[in-house]
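Chemist: Handing over start24.csv, CSV, C-alpha atoms.
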chain,number,residue,atom,x,y,z
A,1,MET,CA,0.0,0.0,0.0
A,2,GLU,CA,2.9,2.3,0.7
A,3,ILE,CA,4.2,1.8,-2.8
A,4,VAL,CA,0.8,2.5,-4.3
A,5,SER,CA,0.6,5.7,-2.3
A,6,LYS,CA,4.0,6.8,-3.5
A,7,LEU,CA,3.0,6.1,-7.1
A,8,ARG,CA,-0.2,8.1,-6.6
A,9,ASN,CA,1.9,11.0,-5.4
A,10,LEU,CA,3.8,10.9,-8.7
A,11,ASP,CA,0.7,11.5,-10.8
A,12,ALA,CA,1.3,14.5,-13.0
A,13,TYR,CA,-2.3,14.6,-14.1
A,14,PRO,CA,-4.4,15.2,-11.0
A,15,LYS,CA,-8.1,14.8,-11.5
A,16,VAL,CA,-10.7,17.4,-10.7
A,17,ASN,CA,-14.2,16.6,-9.6
A,18,GLU,CA,-16.8,17.3,-12.2
A,19,ASP,CA,-18.7,19.4,-9.8
A,20,PHE,CA,-15.9,22.0,-9.9
A,21,TYR,CA,-15.9,22.4,-13.7
A,22,SER,CA,-17.2,25.7,-15.2
A,23,ARG,CA,-18.1,25.4,-18.9
A,24,THR,CA,-18.3,28.6,-21.0
A,25,LEU,CA,-19.4,29.6,-24.5
A,26,SER,CA,-15.9,30.8,-25.4
A,27,GLY,CA,-14.5,27.5,-24.3
A,28,GLY,CA,-16.9,25.6,-26.6
A,29,LEU,CA,-15.9,27.8,-29.6
A,30,ILE,CA,-12.2,27.3,-28.8
A,31,THR,CA,-12.7,23.6,-28.5
A,32,ILE,CA,-14.4,23.4,-31.9
A,33,LEU,CA,-11.7,25.5,-33.6
A,34,SER,CA,-8.8,23.5,-32.1
A,35,SER,CA,-10.5,20.2,-33.1
A,36,VAL,CA,-10.8,21.4,-36.7
A,37,ALA,CA,-7.2,22.4,-36.7
A,38,ILE,CA,-6.1,19.0,-35.2
A,39,VAL,CA,-8.1,17.1,-37.9
A,40,PHE,CA,-6.7,19.3,-40.7
A,41,LEU,CA,-3.1,19.0,-39.7
A,42,PHE,CA,-3.5,15.3,-38.9
A,43,LEU,CA,-4.8,14.6,-42.5
A,44,SER,CA,-1.9,16.7,-43.9
A,45,GLU,CA,0.6,14.6,-42.0
A,46,ILE,CA,-1.0,11.4,-43.3
A,47,ARG,CA,-0.7,12.7,-46.8
A,48,LEU,CA,3.0,13.6,-46.4
A,49,TYR,CA,3.6,10.2,-44.9
A,50,LEU,CA,1.8,8.2,-47.6
A,51,TYR,CA,3.3,10.2,-50.5
A,52,SER,CA,7.1,10.3,-51.1
A,53,ALA,CA,9.1,13.5,-50.9
A,54,THR,CA,12.0,14.3,-53.2
A,55,GLU,CA,15.4,15.1,-51.7
A,56,THR,CA,18.0,17.0,-53.8
A,57,LYS,CA,21.7,16.7,-53.8
A,58,LEU,CA,24.5,18.3,-55.8
A,59,ILE,CA,27.7,16.5,-56.7
A,60,VAL,CA,30.6,17.0,-59.1
A,61,ASP,CA,30.0,15.2,-62.4
A,62,THR,CA,32.9,12.8,-62.9
A,63,SER,CA,31.3,10.7,-65.7
A,64,ARG,CA,33.3,10.1,-68.9
A,65,GLY,CA,32.7,8.6,-72.3
A,66,GLU,CA,29.0,8.9,-72.2
A,67,ARG,CA,26.6,9.6,-75.1
A,68,LEU,CA,23.8,12.2,-75.1
A,69,ARG,CA,20.4,11.6,-76.6
A,70,ILE,CA,18.7,14.8,-78.0
A,71,ASN,CA,15.0,14.5,-78.6
A,72,PHE,CA,13.4,17.1,-80.8
A,73,ASP,CA,10.1,18.0,-82.5
A,74,VAL,CA,10.3,21.3,-84.5
A,75,THR,CA,7.8,22.7,-87.0
A,76,PHE,CA,8.7,25.1,-89.8
A,77,PRO,CA,5.4,26.5,-91.2
A,78,ALA,CA,7.1,28.1,-94.3
A,79,LEU,CA,10.0,25.8,-95.1
A,80,ALA,CA,9.6,22.7,-97.3
A,81,CYS,CA,10.8,19.3,-96.0
A,82,SER,CA,13.1,18.8,-98.9
A,83,LEU,CA,15.1,21.9,-97.8
A,84,VAL,CA,15.5,21.0,-94.1
A,85,ALA,CA,18.7,19.3,-93.2
A,86,VAL,CA,19.9,18.3,-89.7
A,87,ASP,CA,23.6,18.7,-89.0
A,88,THR,CA,25.7,18.2,-85.8
A,89,MET,CA,29.3,19.0,-84.8
A,90,ASP,CA,31.2,19.1,-81.5
A,91,VAL,CA,34.4,20.4,-80.0
A,92,SER,CA,36.1,17.0,-80.5
A,93,GLY,CA,35.9,17.5,-84.3
A,94,GLU,CA,33.1,15.0,-85.0
A,95,GLN,CA,30.7,16.2,-87.6
A,96,HIS,CA,27.6,14.8,-89.3
A,97,TYR,CA,25.8,16.4,-92.1
A,98,ASP,CA,22.2,15.9,-93.3
A,99,ILE,CA,21.4,13.2,-90.8
A,100,LYS,CA,18.6,10.9,-91.9
A,101,HIS,CA,18.4,8.0,-89.5
A,102,ASP,CA,15.9,8.1,-86.6
A,103,ILE,CA,14.3,11.3,-88.1
A,104,ILE,CA,10.8,11.6,-89.5
A,105,LYS,CA,9.6,14.5,-91.7
A,106,LYS,CA,5.9,15.5,-92.1
A,107,ARG,CA,4.8,17.8,-94.9
A,108,ILE,CA,2.2,20.2,-93.7
A,109,ASP,CA,0.0,22.7,-95.4
A,110,HIS,CA,-0.5,26.4,-94.4
A,111,LEU,CA,-3.1,25.3,-91.8
A,112,GLY,CA,-0.8,22.8,-90.1
A,113,ASN,CA,-2.5,19.7,-91.5
A,114,VAL,CA,-0.3,16.8,-92.3
A,115,ILE,CA,0.0,16.1,-96.0
A,116,GLU,CA,2.5,13.2,-95.9
A,117,SER,CA,4.8,11.6,-93.3
A,118,ARG,CA,7.9,9.7,-94.3
A,119,GLN,CA,11.3,8.6,-93.1
A,120,ASP,CA,13.8,11.2,-94.1
A,121,GLY,CA,15.5,10.8,-97.5
A,122,VAL,CA,15.0,11.9,-101.1
A,123,GLY,CA,14.4,8.4,-102.4
A,124,ALA,CA,16.2,5.7,-104.4
A,125,PRO,CA,18.3,7.0,-107.2
A,126,LYS,CA,17.4,6.2,-110.7
A,127,ILE,CA,20.6,5.0,-112.5
A,128,GLU,CA,19.9,5.5,-116.2
A,129,ARG,CA,23.3,6.2,-117.7
A,130,PRO,CA,24.2,8.8,-115.1
A,131,LEU,CA,26.9,11.4,-115.6
A,132,GLN,CA,30.3,10.2,-114.6
A,133,ARG,CA,32.9,12.3,-112.7
A,134,HIS,CA,35.0,12.5,-115.8
A,135,GLY,CA,32.1,14.0,-117.7
A,136,GLY,CA,30.9,11.1,-119.8
A,137,ARG,CA,27.9,8.9,-119.4
A,138,LEU,CA,28.0,5.6,-117.5
A,139,GLU,CA,28.8,2.6,-119.8
A,140,HIS,CA,27.8,-1.0,-119.1
A,141,ASN,CA,31.3,-2.1,-118.2
A,142,GLU,CA,32.0,0.8,-115.9
A,143,SER,CA,31.4,1.4,-112.1
A,144,TYR,CA,29.6,4.5,-111.3
A,145,CYS,CA,31.4,7.4,-109.7
A,146,GLY,CA,29.5,10.7,-109.8
A,147,SER,CA,31.0,14.1,-109.6
A,148,CYS,CA,30.8,16.2,-106.4
A,149,TYR,CA,31.0,19.4,-108.6
A,150,GLY,CA,34.1,20.9,-107.0
A,151,ALA,CA,33.4,19.8,-103.4
A,152,GLU,CA,35.7,16.7,-103.6
A,153,VAL,CA,38.2,16.4,-100.8
A,154,SER,CA,40.4,14.0,-102.7
A,155,ASP,CA,40.6,12.7,-106.2
A,156,ASP,CA,39.0,9.5,-105.2
A,157,ASP,CA,35.8,11.1,-103.8
A,158,CYS,CA,32.5,10.2,-105.5
A,159,CYS,CA,29.0,11.6,-105.0
A,160,ASN,CA,26.6,9.0,-106.3
A,161,SER,CA,23.4,10.7,-105.1
A,162,CYS,CA,21.9,14.1,-104.6
A,163,ASP,CA,22.2,13.7,-100.9
A,164,GLU,CA,25.9,13.0,-101.2
A,165,VAL,CA,26.4,16.1,-103.3
A,166,ARG,CA,24.5,18.2,-100.8
A,167,GLU,CA,26.6,16.7,-97.9
A,168,ALA,CA,29.8,17.4,-99.8
A,169,TYR,CA,28.7,21.0,-100.3
A,170,GLN,CA,27.8,21.4,-96.7
A,171,LYS,CA,31.2,20.2,-95.6
A,172,LYS,CA,32.7,22.9,-97.7
A,173,GLY,CA,30.3,25.5,-96.3
A,174,TRP,CA,28.6,26.0,-99.7
A,175,GLY,CA,24.9,26.3,-100.4
A,176,LEU,CA,23.3,24.1,-103.1
A,177,SER,CA,21.8,27.0,-105.0
A,178,ASN,CA,21.6,25.4,-108.4
A,179,PRO,CA,20.3,21.8,-108.0
A,180,ASP,CA,18.9,22.0,-111.5
A,181,LEU,CA,22.5,21.8,-112.8
A,182,ILE,CA,23.3,18.7,-110.6
A,183,ASP,CA,22.9,15.5,-112.6
A,184,GLN,CA,22.2,13.4,-109.5
A,185,CYS,CA,19.4,15.8,-108.3
A,186,MET,CA,17.8,15.9,-111.7
A,187,ARG,CA,17.7,12.1,-112.0
A,188,GLU,CA,16.3,11.6,-108.4
A,189,GLY,CA,13.6,14.2,-109.0
A,190,PHE,CA,14.9,16.6,-106.3
A,191,ILE,CA,13.9,19.6,-108.3
A,192,GLN,CA,10.4,18.4,-108.9
A,193,LYS,CA,10.1,17.6,-105.2
A,194,ILE,CA,11.0,21.1,-104.3
A,195,LYS,CA,8.4,22.4,-106.8
A,196,ASP,CA,5.7,20.0,-105.5
A,197,GLU,CA,6.4,21.2,-101.9
A,198,GLN,CA,6.4,24.9,-102.7
A,199,GLY,CA,4.3,26.8,-100.2
A,200,GLU,CA,4.3,24.0,-97.7
A,201,GLY,CA,5.8,23.7,-94.2
A,202,CYS,CA,7.5,20.8,-92.4
A,203,ASN,CA,7.4,19.1,-89.1
A,204,ILE,CA,10.6,17.3,-88.3
A,205,HIS,CA,11.0,15.1,-85.2
A,206,GLY,CA,13.2,12.3,-84.0
A,207,PHE,CA,16.4,12.0,-81.9
A,208,LEU,CA,20.2,12.3,-82.2
A,209,GLU,CA,23.0,10.5,-80.4
A,210,VAL,CA,26.0,12.7,-79.8
A,211,ASN,CA,29.2,12.7,-77.7
A,212,LYS,CA,28.8,14.2,-74.2
A,213,VAL,CA,31.0,17.2,-75.0
A,214,ALA,CA,30.1,20.7,-76.0
A,215,GLY,CA,28.8,21.1,-79.5
A,216,ASN,CA,25.7,22.1,-81.6
A,217,PHE,CA,23.1,20.8,-83.8
A,218,HIS,CA,21.2,22.8,-86.3
A,219,PHE,CA,18.5,22.9,-89.0
A,220,ALA,CA,19.8,24.5,-92.1
A,221,PRO,CA,18.5,24.9,-95.6
A,222,GLY,CA,21.8,26.1,-97.0
A,223,LYS,CA,23.1,29.5,-97.9
A,224,LYS,CA,20.0,30.5,-99.8
A,225,ARG,CA,17.7,32.7,-97.6
A,226,TYR,CA,14.4,31.1,-96.5
A,227,ASN,CA,11.8,31.9,-94.0
A,228,LEU,CA,12.9,30.1,-90.8
A,229,SER,CA,10.1,31.0,-88.5
A,230,HIS,CA,9.6,28.0,-86.3
A,231,ARG,CA,7.9,26.4,-83.3
A,232,ILE,CA,9.7,24.0,-80.9
A,233,ASN,CA,7.1,21.5,-79.9
A,234,LYS,CA,9.5,19.4,-77.9
A,235,LEU,CA,13.2,19.6,-77.0
A,236,SER,CA,14.8,17.4,-74.3
A,237,PHE,CA,18.2,15.9,-73.4
A,238,GLY,CA,17.9,12.3,-72.3
A,239,ARG,CA,15.0,10.4,-70.8
A,240,GLU,CA,11.9,11.9,-69.2
A,241,PHE,CA,11.6,11.8,-65.4
A,242,PRO,CA,8.9,13.0,-63.0
A,243,GLY,CA,8.9,16.8,-62.5
A,244,ALA,CA,11.1,17.5,-65.5
A,245,ILE,CA,10.6,20.9,-67.1
A,246,ASN,CA,11.9,21.6,-70.6
A,247,PRO,CA,11.9,25.4,-71.0
A,248,LEU,CA,11.7,25.4,-74.8
A,249,ASP,CA,8.6,23.2,-75.1
A,250,GLY,CA,6.0,25.2,-77.0
A,251,ALA,CA,8.4,28.1,-77.8
A,252,SER,CA,8.0,29.8,-81.1
A,253,TRP,CA,10.1,32.5,-82.8
A,254,ALA,CA,9.2,34.6,-85.9
A,255,HIS,CA,11.6,37.5,-86.5
A,256,GLN,CA,10.6,40.4,-88.8
A,257,THR,CA,13.2,39.5,-91.4
A,258,SER,CA,12.5,35.7,-91.0
A,259,SER,CA,15.9,34.6,-92.5
A,260,GLY,CA,19.1,34.8,-90.5
A,261,MET,CA,20.7,32.9,-87.7
A,262,TYR,CA,18.4,31.8,-84.8
A,263,GLN,CA,20.6,30.8,-81.9
A,264,TYR,CA,19.8,29.0,-78.7
A,265,PHE,CA,22.5,28.8,-76.1
A,266,ILE,CA,21.9,25.8,-73.8
A,267,LYS,CA,23.5,24.8,-70.5
A,268,VAL,CA,22.9,21.1,-69.9
A,269,VAL,CA,22.8,19.9,-66.3
A,270,PRO,CA,23.3,16.1,-65.8
A,271,THR,CA,20.6,14.6,-63.6
A,272,ILE,CA,19.9,11.3,-61.9
A,273,TYR,CA,16.4,10.6,-60.6
A,274,THR,CA,15.9,7.7,-58.2
A,275,ASP,CA,12.3,6.7,-57.5
A,276,ILE,CA,10.9,5.1,-54.3
A,277,ARG,CA,11.7,1.6,-55.6
A,278,GLY,CA,15.3,2.4,-56.3
A,279,HIS,CA,15.1,2.6,-60.1
A,280,LYS,CA,17.5,5.2,-61.5
A,281,ILE,CA,16.8,7.4,-64.5
A,282,HIS,CA,19.9,9.1,-66.0
A,283,SER,CA,18.8,12.2,-67.8
A,284,ASN,CA,19.5,15.9,-68.1
A,285,GLN,CA,17.9,19.3,-67.4
A,286,PHE,CA,18.8,22.5,-69.1
A,287,SER,CA,18.5,26.3,-69.1
A,288,VAL,CA,18.6,28.4,-72.3
A,289,THR,CA,19.1,31.9,-73.7
A,290,GLU,CA,18.1,33.0,-77.2
A,291,HIS,CA,19.6,35.3,-79.8
A,292,PHE,CA,18.8,36.3,-83.4
A,293,ARG,CA,21.5,37.5,-85.8
A,294,ASP,CA,20.2,39.2,-88.9
A,295,ALA,CA,21.6,38.2,-92.3
A,296,VAL,CA,23.1,41.6,-92.9
A,297,GLY,CA,26.7,42.9,-93.0
A,298,TYR,CA,29.8,41.0,-93.7
A,299,PRO,CA,30.6,38.2,-93.1
A,300,ARG,CA,27.0,37.1,-93.4
A,301,PRO,CA,26.0,34.6,-90.7
A,302,PRO,CA,24.9,31.1,-91.8
A,303,ASN,CA,21.1,30.7,-92.4
A,304,GLY,CA,19.6,28.3,-89.9
A,305,VAL,CA,18.3,27.4,-86.5
A,306,PHE,CA,21.2,26.6,-84.2
A,307,PHE,CA,21.3,24.9,-80.8
A,308,PHE,CA,24.6,25.4,-79.0
A,309,TYR,CA,25.0,23.2,-75.9
A,310,GLU,CA,27.6,22.8,-73.2
A,311,PHE,CA,27.6,20.8,-69.9
A,312,SER,CA,27.6,21.9,-66.3
A,313,PRO,CA,30.3,20.4,-64.1
A,314,ILE,CA,27.6,19.8,-61.4
A,315,LYS,CA,25.3,16.8,-61.4
A,316,VAL,CA,21.9,17.0,-59.7
A,317,ILE,CA,20.6,13.9,-57.9
A,318,PHE,CA,16.9,13.6,-57.0
A,319,THR,CA,15.9,10.8,-54.6
A,320,GLU,CA,12.3,9.9,-53.7
A,321,GLU,CA,12.0,9.1,-49.9
A,322,ASN,CA,9.2,8.3,-47.5
A,323,SER,CA,9.0,9.6,-43.9
A,324,SER,CA,9.7,7.1,-41.2
A,325,LEU,CA,6.9,5.9,-39.0
A,326,LEU,CA,8.7,7.3,-35.9
A,327,HIS,CA,8.9,10.7,-37.6
A,328,PHE,CA,5.2,10.5,-38.4
A,329,LEU,CA,4.2,9.6,-34.8
A,330,THR,CA,6.4,12.4,-33.4
A,331,ASN,CA,4.7,15.0,-35.7
A,332,ILE,CA,1.2,13.8,-34.7
A,333,CYS,CA,2.1,14.1,-31.0
A,334,ALA,CA,3.5,17.5,-31.6
A,335,ILE,CA,0.4,18.6,-33.4
A,336,VAL,CA,-2.1,17.3,-30.9
A,337,GLY,CA,-0.1,18.5,-27.9
A,338,GLY,CA,0.8,21.8,-29.3
A,339,ILE,CA,-2.8,22.8,-30.3
A,340,ILE,CA,-4.3,21.6,-27.0
A,341,THR,CA,-1.7,23.6,-25.1
A,342,VAL,CA,-2.2,26.8,-27.1
A,343,ALA,CA,-6.0,26.4,-27.0
A,344,GLY,CA,-5.8,26.0,-23.2
A,345,ILE,CA,-3.7,29.2,-22.9
A,346,ILE,CA,-6.2,31.1,-25.1
A,347,ASP,CA,-9.2,29.8,-23.2
A,348,SER,CA,-7.6,30.7,-19.8
A,349,PHE,CA,-6.9,34.2,-21.1
A,350,VAL,CA,-10.4,34.7,-22.4
A,351,TYR,CA,-12.0,33.2,-19.2
A,352,HIS,CA,-10.0,35.3,-16.7
A,353,GLY,CA,-10.3,38.4,-18.8
A,354,HIS,CA,-14.0,38.0,-19.0
A,355,ARG,CA,-14.2,37.5,-15.2
A,356,ALA,CA,-12.1,40.5,-14.5
A,357,ILE,CA,-14.2,42.8,-16.7
A,358,LYS,CA,-17.4,41.4,-15.2
A,359,LYS,CA,-16.1,42.0,-11.7
A,360,LYS,CA,-15.1,45.6,-12.5
A,361,MET,CA,-18.5,46.3,-13.9
A,362,GLU,CA,-20.2,44.9,-10.8
A,363,LEU,CA,-17.9,47.1,-8.5
A,364,GLY,CA,-18.8,50.1,-10.6
A,365,LYS,CA,-22.5,49.4,-10.4
A,366,TYR,CA,-22.6,49.1,-6.6
A,367,GLY,CA,-20.1,51.9,-6.1
Would you mind giving the structure from this file in structure tokens?

Modeler:
Amino acid sequence: MEIVSKLRNLDAYPKVNEDFYSRTLSGGLITILSSVAIVFLFLSEIRLYLYSATETKLIVDTSRGERLRINFDVTFPALACSLVAVDTMDVSGEQHYDIKHDIIKKRIDHLGNVIESRQDGVGAPKIERPLQRHGGRLEHNESYCGSCYGAEVSDDDCCNSCDEVREAYQKKGWGLSNPDLIDQCMREGFIQKIKDEQGEGCNIHGFLEVNKVAGNFHFAPGKKRYNLSHRINKLSFGREFPGAINPLDGASWAHQTSSGMYQYFIKVVPTIYTDIRGHKIHSNQFSVTEHFRDAVGYPRPPNGVFFFYEFSPIKVIFTEENSSLLHFLTNICAIVGGIITVAGIIDSFVYHGHRAIKKKMELGKYG
């Protein structure tokens, strides 16, 4: 019994007889408001506990020898598909001209409706006694070696298709301004294709695989001036991940002079996203600034839409995490205890203030 008595003396929550309770209107209102606050914050904590939060960490990017995938979807409302070429180059010296694989072109009318969709390429060449590099026509006992029309790098170079002539010209920095004089283009119907697509636009989409070094890719019709107004429907670097924002999606640009050098300077930030199950997505984010250089003065800038990209030395790591059960219970206790304590303080202040005012009023009445 002595032990029980000592335990009773340790009770930090002494009970008060119900006969001594004094219930008030203000206390009822405070109880309702505090109960609503507890329920609201309790539900908020449950939501935070059930849904994962994303933690962010920055580290130095030490990866080497990786490849970068560039996904694009660009619409040129006033440039025919036959005139649009995709080129890439980087600081390591790797260059690719008039890329065709993994790229789809869609001919569109002035209203944006699709006329035709096809894998990029002019088509199969028609070899009907084509013109040889030496100037004569192909004979039955000869192998075909077409002329590059002055764009040869060595004496052994051959251009056997219109695309190869265009590529050779681009490597030289020349524009193919007279395709009607090129035998390969005449045989493959390139001139007729340009005439058929006159007044049309082009949607070009696909992806490129490039080295993970600074470089650029661009859409260029050659040195001849064309209307290069465009809309970027989609541009991303790497795979999509939750919460990714691509700042150029939906961007459009139409300068007053239309032709010139449209430039986008892009800073690519390597990113790793790890979901709640531990699956990693290696991707990239980017920021961008824009500039237009008019085709005036000397030297005249190349005509085209250029995307210059370089890489940040910092890598961002996003990790999805759930709160621990202990953290959840601690927050619930803090919410309930904190609101009850604050509500008790407010109720006590209101109750004693009301009593003091009432007492003064009674003293003034009888005085």

Chemist: So the first atom is CA of Ile340 (chain A) and the second is CA of His354 (chain A); what is the distance between them in Å, to one decimal place?

Modeler: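 Computing it gives 20.7 Å between the two atoms.
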
Chemist: Nearest to Leu41 (chain A): which of A:Gly28, A:Gly338, A:Gly243, A:Gly199 is it, counting all atoms listed in the file?

Modeler: A:Gly338

Chemist: Considering only C-alpha atoms, return as a VMD selection string whatever protein or nucleic-acid residues lie within 7 Å of Asn203 (chain A), sequence-local ones (same chain, fewer than 2 positions apart) excluded.

Modeler: chain A and resid 74 to 76 105 to 107 205

Chemist: When you look at Leu33 (chain A) with a cut-off of 10 Å (counting all atoms listed in the file), what residues show up, excluding the ones that are within fewer than 6 positions of it in the same chain? I need them as a PyMOL selection string.

Modeler: chain A and resi 27+339+343

Chemist: Give me the residues within 10 Å of Tyr149 (chain A) as an MDAnalysis selection string, counting only C-alpha atoms and dropping any in the same chain fewer than 4 places off.

Modeler: chainID A and resid 133 158:159 165 168:169 181:183

Chemist: Do you have, as JSON lines, the list of residues of region 43-110 of chain A lying at most 8 Å from region 308-320 of chain A, each with its nearest atom pair and that distance in Å to one decimal, counting all atoms listed in the file and ordered by chain then number?

Modeler:
{"residue": "A:Ser52", "atom": "CA", "partner": "A:Glu320", "partner_atom": "CA", "distance": 5.8}
{"residue": "A:Ala53", "atom": "CA", "partner": "A:Glu320", "partner_atom": "CA", "distance": 5.6}
{"residue": "A:Thr54", "atom": "CA", "partner": "A:Glu320", "partner_atom": "CA", "distance": 4.4}
{"residue": "A:Glu55", "atom": "CA", "partner": "A:Thr319", "partner_atom": "CA", "distance": 5.2}
{"residue": "A:Thr56", "atom": "CA", "partner": "A:Phe318", "partner_atom": "CA", "distance": 4.8}
{"residue": "A:Lys57", "atom": "CA", "partner": "A:Ile317", "partner_atom": "CA", "distance": 5.1}
{"residue": "A:Leu58", "atom": "CA", "partner": "A:Val316", "partner_atom": "CA", "distance": 4.9}
{"residue": "A:Ile59", "atom": "CA", "partner": "A:Lys315", "partner_atom": "CA", "distance": 5.3}
{"residue": "A:Val60", "atom": "CA", "partner": "A:Ile314", "partner_atom": "CA", "distance": 4.7}
{"residue": "A:Asp61", "atom": "CA", "partner": "A:Lys315", "partner_atom": "CA", "distance": 5.1}

Chemist: Go through A:His279, A:Lys267, A:Arg69, A:Arg293 and flag the residue nearest Ser236 (chain A), using only C-alpha atoms for the distances.

Modeler: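 Answer, going by the shortest atom-to-atom distance: A:Arg69.
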
Chemist: Show me the residues close to (-3.1, 13.6, -34.4) - anything with an atom within 6 Å, counting only C-alpha atoms - and format the list as a ChimeraX atom specification.

Modeler: /A:42,332,336
